[in-house]
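Asks: Compact mmCIF, C-alpha atoms and all ligand atoms, saved as query_9.txt, coming up:
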# COMPACT_ATOMS: atom_id res chain seq x y z
CA MET A 147 61.80 -54.80 -23.89
CA GLU A 148 61.91 -56.79 -20.71
CA LYS A 149 58.71 -58.53 -19.83
CA LYS A 150 56.88 -57.23 -16.80
CA PHE A 151 56.12 -59.50 -13.88
CA PHE A 152 52.42 -58.70 -14.13
CA GLU A 153 51.25 -57.64 -17.56
CA TRP A 154 47.89 -55.87 -17.82
CA SER A 155 45.71 -57.27 -20.56
CA ASP A 156 42.52 -55.89 -22.08
CA THR A 157 40.74 -59.09 -21.14
CA MET A 158 40.91 -57.72 -17.58
CA SER A 159 38.85 -54.65 -18.49
CA VAL A 160 35.52 -54.39 -16.65
CA GLY A 161 34.28 -51.70 -19.05
CA ILE A 162 34.30 -48.94 -16.42
CA PRO A 163 37.33 -46.74 -17.21
CA GLU A 164 37.93 -45.49 -13.63
CA ILE A 165 37.84 -49.02 -12.24
CA ASP A 166 40.23 -50.18 -14.98
CA GLU A 167 42.60 -47.32 -14.13
CA GLN A 168 42.56 -48.27 -10.46
CA HIS A 169 43.19 -51.92 -11.31
CA LYS A 170 46.10 -50.88 -13.53
CA THR A 171 47.55 -48.92 -10.62
CA LEU A 172 47.31 -52.01 -8.41
CA VAL A 173 49.12 -53.97 -11.13
CA ASP A 174 51.80 -51.22 -11.24
CA ILE A 175 52.29 -51.34 -7.48
CA LEU A 176 52.68 -55.13 -7.56
CA ASN A 177 55.20 -54.80 -10.39
CA ARG A 178 57.07 -52.24 -8.31
CA LEU A 179 57.07 -54.63 -5.33
CA PHE A 180 58.41 -57.41 -7.55
CA VAL A 181 61.29 -55.20 -8.75
CA ALA A 182 62.11 -54.18 -5.17
CA VAL A 183 62.29 -57.81 -4.03
CA ALA A 184 64.13 -59.03 -7.16
CA GLN A 185 66.73 -56.28 -6.86
CA ARG A 186 66.95 -56.46 -3.08
CA GLU A 187 66.17 -52.79 -2.63
CA SER A 188 66.33 -51.15 0.79
CA ASN A 189 63.88 -51.89 3.60
CA GLU A 190 62.64 -48.32 3.48
CA ILE A 191 61.58 -48.68 -0.13
CA THR A 192 59.99 -52.08 0.39
CA ILE A 193 58.06 -50.81 3.41
CA GLU A 194 56.91 -47.80 1.43
CA ILE A 195 55.69 -50.02 -1.40
CA LEU A 196 53.86 -52.34 0.99
CA ASP A 197 52.26 -49.35 2.74
CA THR A 198 51.19 -47.97 -0.60
CA LEU A 199 49.81 -51.34 -1.65
CA VAL A 200 47.71 -51.61 1.52
CA ASP A 201 46.56 -48.00 1.30
CA TYR A 202 45.70 -48.05 -2.39
CA THR A 203 43.97 -51.42 -2.14
CA LYS A 204 41.78 -50.22 0.74
CA THR A 205 40.88 -47.05 -1.14
CA HIS A 206 40.07 -48.96 -4.31
CA PHE A 207 38.01 -51.63 -2.54
CA GLY A 208 36.10 -48.95 -0.62
CA LEU A 209 35.21 -47.13 -3.83
CA GLU A 210 34.26 -50.33 -5.59
CA GLU A 211 32.02 -51.37 -2.70
CA LYS A 212 30.38 -47.94 -2.75
CA LEU A 213 29.67 -48.37 -6.45
CA LEU A 214 28.04 -51.75 -5.84
CA GLN A 215 25.92 -50.37 -3.00
CA ASP A 216 24.89 -47.29 -4.99
CA ALA A 217 23.90 -49.56 -7.85
CA GLY A 218 21.77 -51.76 -5.58
CA TYR A 219 23.88 -54.82 -6.36
CA ASN A 220 22.48 -58.16 -5.23
CA PRO A 221 23.09 -58.33 -1.43
CA ALA A 222 24.38 -61.90 -1.39
CA GLU A 223 26.78 -61.17 -4.25
CA PHE A 224 27.84 -57.99 -2.50
CA ALA A 225 28.58 -59.84 0.74
CA ALA A 226 30.61 -62.46 -1.12
CA HIS A 227 32.52 -59.77 -2.97
CA GLN A 228 33.22 -57.82 0.21
CA SER A 229 34.54 -60.90 1.98
CA GLU A 230 36.98 -61.52 -0.89
CA HIS A 231 38.17 -57.94 -0.46
CA ARG A 232 38.58 -58.39 3.28
CA ALA A 233 40.59 -61.57 2.86
CA PHE A 234 42.95 -59.85 0.44
CA VAL A 235 43.44 -56.79 2.70
CA GLU A 236 44.13 -59.21 5.56
CA LYS A 237 46.75 -61.00 3.47
CA ILE A 238 48.62 -57.86 2.39
CA SER A 239 48.40 -56.30 5.88
CA THR A 240 49.83 -59.48 7.40
CA THR A 241 52.60 -59.50 4.82
CA ALA A 242 53.40 -55.84 5.54
CA ASN A 243 53.40 -56.43 9.31
CA LYS A 244 55.58 -59.52 9.07
CA TYR A 245 58.06 -57.55 7.04
CA LEU A 246 57.98 -54.59 9.36
CA ILE A 247 57.82 -56.26 12.77
CA GLU A 248 59.34 -59.70 12.32
CA GLY A 249 61.82 -58.65 9.66
CA LYS A 250 60.64 -61.50 7.41
CA SER A 251 61.36 -60.84 3.77
CA VAL A 252 58.69 -60.69 1.10
CA SER A 253 58.98 -63.89 -0.91
CA PHE A 254 58.28 -64.41 -4.59
CA GLU A 255 55.71 -66.92 -3.44
CA ILE A 256 53.75 -64.15 -1.71
CA ILE A 257 54.07 -61.78 -4.68
CA ASN A 258 52.89 -64.53 -7.02
CA PHE A 259 49.97 -65.24 -4.74
CA LEU A 260 48.98 -61.54 -4.78
CA LYS A 261 49.27 -61.42 -8.55
CA HIS A 262 47.12 -64.48 -9.10
CA TRP A 263 44.59 -63.41 -6.53
CA LEU A 264 44.18 -59.99 -8.16
CA GLN A 265 43.99 -61.47 -11.65
CA GLU A 266 41.32 -63.98 -10.65
CA HIS A 267 39.38 -61.44 -8.63
CA ILE A 268 39.21 -59.01 -11.55
CA LEU A 269 38.49 -61.67 -14.16
CA VAL A 270 35.78 -63.44 -12.20
CA THR A 271 34.35 -61.42 -9.29
CA ASP A 272 34.71 -57.91 -10.69
CA LYS A 273 33.53 -58.91 -14.16
CA LYS A 274 30.45 -60.42 -12.57
CA TYR A 275 29.31 -57.07 -11.12
CA ALA A 276 30.33 -55.25 -14.30
CA THR A 277 28.03 -57.49 -16.33
CA ALA A 278 25.19 -57.07 -13.83
CA LEU A 279 25.53 -53.27 -13.75
CA GLN A 280 25.63 -53.12 -17.51
CA ALA A 281 22.56 -55.33 -17.83
CA SER A 282 20.63 -53.11 -15.40
CA GLY A 283 21.60 -50.00 -17.38
CA TYR A 284 23.08 -48.39 -14.28
CA SER A 285 24.98 -45.17 -14.98
CA THR A 286 28.30 -44.90 -13.17
CA LYS A 287 28.47 -41.13 -13.68
CA ASN A 288 27.76 -40.09 -10.05
CA TRP A 289 30.11 -42.71 -8.74
CA THR A 290 32.84 -41.56 -11.13
CA ASP A 291 32.56 -38.00 -9.81
CA PHE A 292 32.63 -39.28 -6.24
CA ALA A 293 35.65 -41.50 -6.95
CA SER A 294 37.69 -38.75 -8.57
CA SER A 295 37.05 -36.37 -5.68
CA ALA A 296 37.97 -39.13 -3.19
CA MET A 297 41.25 -39.65 -5.06
CA ALA A 298 41.86 -35.88 -5.11
CA THR A 299 41.38 -35.80 -1.33
CA LYS A 300 43.94 -38.60 -0.93
CA GLN A 301 46.31 -36.64 -3.14
CA ALA A 302 45.87 -33.50 -1.02
CA GLU A 303 46.87 -35.50 2.08
CA THR A 304 50.22 -36.42 0.50
CA PRO A 305 51.62 -33.25 -1.08
CA LYS A 306 55.17 -34.56 -1.01
CA ARG A 307 54.42 -37.09 -3.70
CA LYS A 308 53.71 -36.41 -7.30
CA GLN A 309 50.97 -39.03 -7.25
CA TRP A 310 49.98 -40.41 -3.89
CA TRP A 311 50.28 -44.05 -4.91
CA LYS A 312 53.51 -43.71 -6.86
CA VAL A 313 56.64 -45.23 -5.39
CA TRP A 314 59.86 -44.64 -7.25
FE FE B 401 36.57 -56.22 -6.36
Please re-express this file's structure in structure tokens.
Replies:
Amino acid sequence: MEKKFFEWSDTMSVGIPEIDEQHKTLVDILNRLFVAVAQRESNEITIEILDTLVDYTKTHFGLEEKLLQDAGYNPAEFAAHQSEHRAFVEKISTTANKYLIEGKSVSFEIINFLKHWLQEHILVTDKKYATALQASGYSTKNWTDFASSAMATKQAETPKRKQWWKVW
């Protein structure tokens, strides 16, 4: 089987199944973007993938930040985490706008940057909160319920798609 551009590995697990699932979806969307660029797919598809990437990333970051706030995560660590999120959203939004407005193509350099950023962020920054939450014995149950209803709401807004983040 052909090797994927961005292969999920269990070392990236933060031990919270819903967060892992969301991270896997981000990995899937980046893989989809890679295929679109490698195969020079249409602008419409590429724009749709970029839109989905921005949308899904914002949703995921929002839910993750809510988890950290609910859990009473260390404020300085929270602020640092949130600023990493903001920088990433800024980067993908800029990429999407450049593509859309200036007609600049998405380079492999950008896709590689996104891949490495996400990998590092999960392995270092996300694992840090996962360890802290685990050590404090915090139960993610309420957050999990909240997150699945937030995802269901997103789904209800996009009835035309089988799964709101899925780009074929
Ligand atoms: Fe994060």
Asks: List the spatial neighbours of A:Gln301 as an NGL selection string - criterion: any atom at most 9 Å away, only C-alpha atoms, same-chain residues fewer than 5 positions off excluded.
Replies: :A and (296 or 307-311)
Asks: Counting all atoms listed in the file, what is within 10 Å of A:Phe254, bar same-chain residues fewer than 2 positions away, as number ranges by chain?
Replies: A: 179-180, 183-184, 251-252, 256-260
Asks: Record the distance separating atom CA of A:Ser285 and atom CA of A:Thr299, expressed in Å with one decimal.
Replies: 23.3 Å
Asks: Please check which protein, DNA or RNA residues sit within 9 Å of ligand FE 401 (chain B), counting only C-alpha atoms and all ligand atoms, and write them as a PDB file with C-alpha atoms, in the coordinates of the input.
Replies:
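Written out: result_17.pdb:
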ATOM      1  CA  HIS A 206      40.070 -48.960  -4.310  1.00  0.00           C
ATOM      2  CA  PHE A 207      38.010 -51.630  -2.540  1.00  0.00           C
ATOM      3  CA  GLU A 210      34.260 -50.330  -5.590  1.00  0.00           C
ATOM      4  CA  GLU A 211      32.020 -51.370  -2.700  1.00  0.00           C
ATOM      5  CA  HIS A 227      32.520 -59.770  -2.970  1.00  0.00           C
ATOM      6  CA  GLN A 228      33.220 -57.820   0.210  1.00  0.00           C
ATOM      7  CA  GLU A 230      36.980 -61.520  -0.890  1.00  0.00           C
ATOM      8  CA  HIS A 231      38.170 -57.940  -0.460  1.00  0.00           C
ATOM      9  CA  LEU A 264      44.180 -59.990  -8.160  1.00  0.00           C
ATOM     10  CA  HIS A 267      39.380 -61.440  -8.630  1.00  0.00           C
ATOM     11  CA  ILE A 268      39.210 -59.010 -11.550  1.00  0.00           C
ATOM     12  CA  THR A 271      34.350 -61.420  -9.290  1.00  0.00           C
ATOM     13  CA  ASP A 272      34.710 -57.910 -10.690  1.00  0.00           C
ATOM     14  CA  LYS A 273      33.530 -58.910 -14.160  1.00  0.00           C
ATOM     15  CA  TYR A 275      29.310 -57.070 -11.120  1.00  0.00           C
TER      16      TYR A 275
END
Asks: Measure the distance from atom CA of A:Phe234 to atom CA of A:Asn177 in Å and round it to one decimal.
Replies: 17.1 Å
Asks: Skipping near chain neighbours, those fewer than 4 positions away, what residues fall within 12 Å of A:Asp216 using only C-alpha atoms, listed as a ChimeraX atom specification?
Replies: /A:209-212,220-221,224,279,284-290,292
Asks: Could you list as a PyMOL selection string every residue that has an atom within 12 Å of (43.0, -50.8, -12.1), using the file's coordinates and counting all atoms listed in the file?
Replies: chain A and resi 154-156+158-176+202-203+205-207+209-210+264-265+267-269+272
Asks: Of the candidates A:Lys312, A:Lys274, A:His262, A:Arg232, which one gets nearest to A:Leu214 if we count only C-alpha atoms?
Replies: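 Going through A:Lys312, A:Lys274, A:His262, A:Arg232 one by one, the smallest distance to A:Leu214 is for A:Lys274.
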Asks: Skipping near chain neighbours, those fewer than 6 positions away, what residues fall within 12 Å of A:Asn243 using all atoms listed in the file, listed as a compact mmCIF listing (two decimals) with C-alpha atoms, in the coordinates of the input?
Replies:
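Result file follows (out.txt):
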# COMPACT_ATOMS: atom_id res chain seq x y z
CA THR A 192 59.99 -52.08 0.39
CA ILE A 193 58.06 -50.81 3.41
CA LEU A 196 53.86 -52.34 0.99
CA ASP A 197 52.26 -49.35 2.74
CA VAL A 200 47.71 -51.61 1.52
CA VAL A 235 43.44 -56.79 2.70
CA GLU A 236 44.13 -59.21 5.56
CA LYS A 237 46.75 -61.00 3.47
CA GLY A 249 61.82 -58.65 9.66
CA LYS A 250 60.64 -61.50 7.41
CA SER A 251 61.36 -60.84 3.77
CA VAL A 252 58.69 -60.69 1.10
Asks: Please indicate the distance in Å from atom CA of A:Ser282 to atom CA of A:Ala225, rounded to one decimal place.
Replies: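 A separation of 19.2 Å between them.
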Asks: Using all atoms listed in the file, can you tell me which of A:Ala222, A:Lys306, A:Thr241, A:Ala217 comes closest to A:Ala281?
Replies: A:Ala217
Asks: Would you please work out which residue, of A:Leu213, A:Ala276, A:Leu246, A:Ile195, is nearest to A:Val181 when using all atoms listed in the file?
Replies: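 Comparing A:Leu213, A:Ala276, A:Leu246, A:Ile195 against A:Val181, the winner is A:Ile195.
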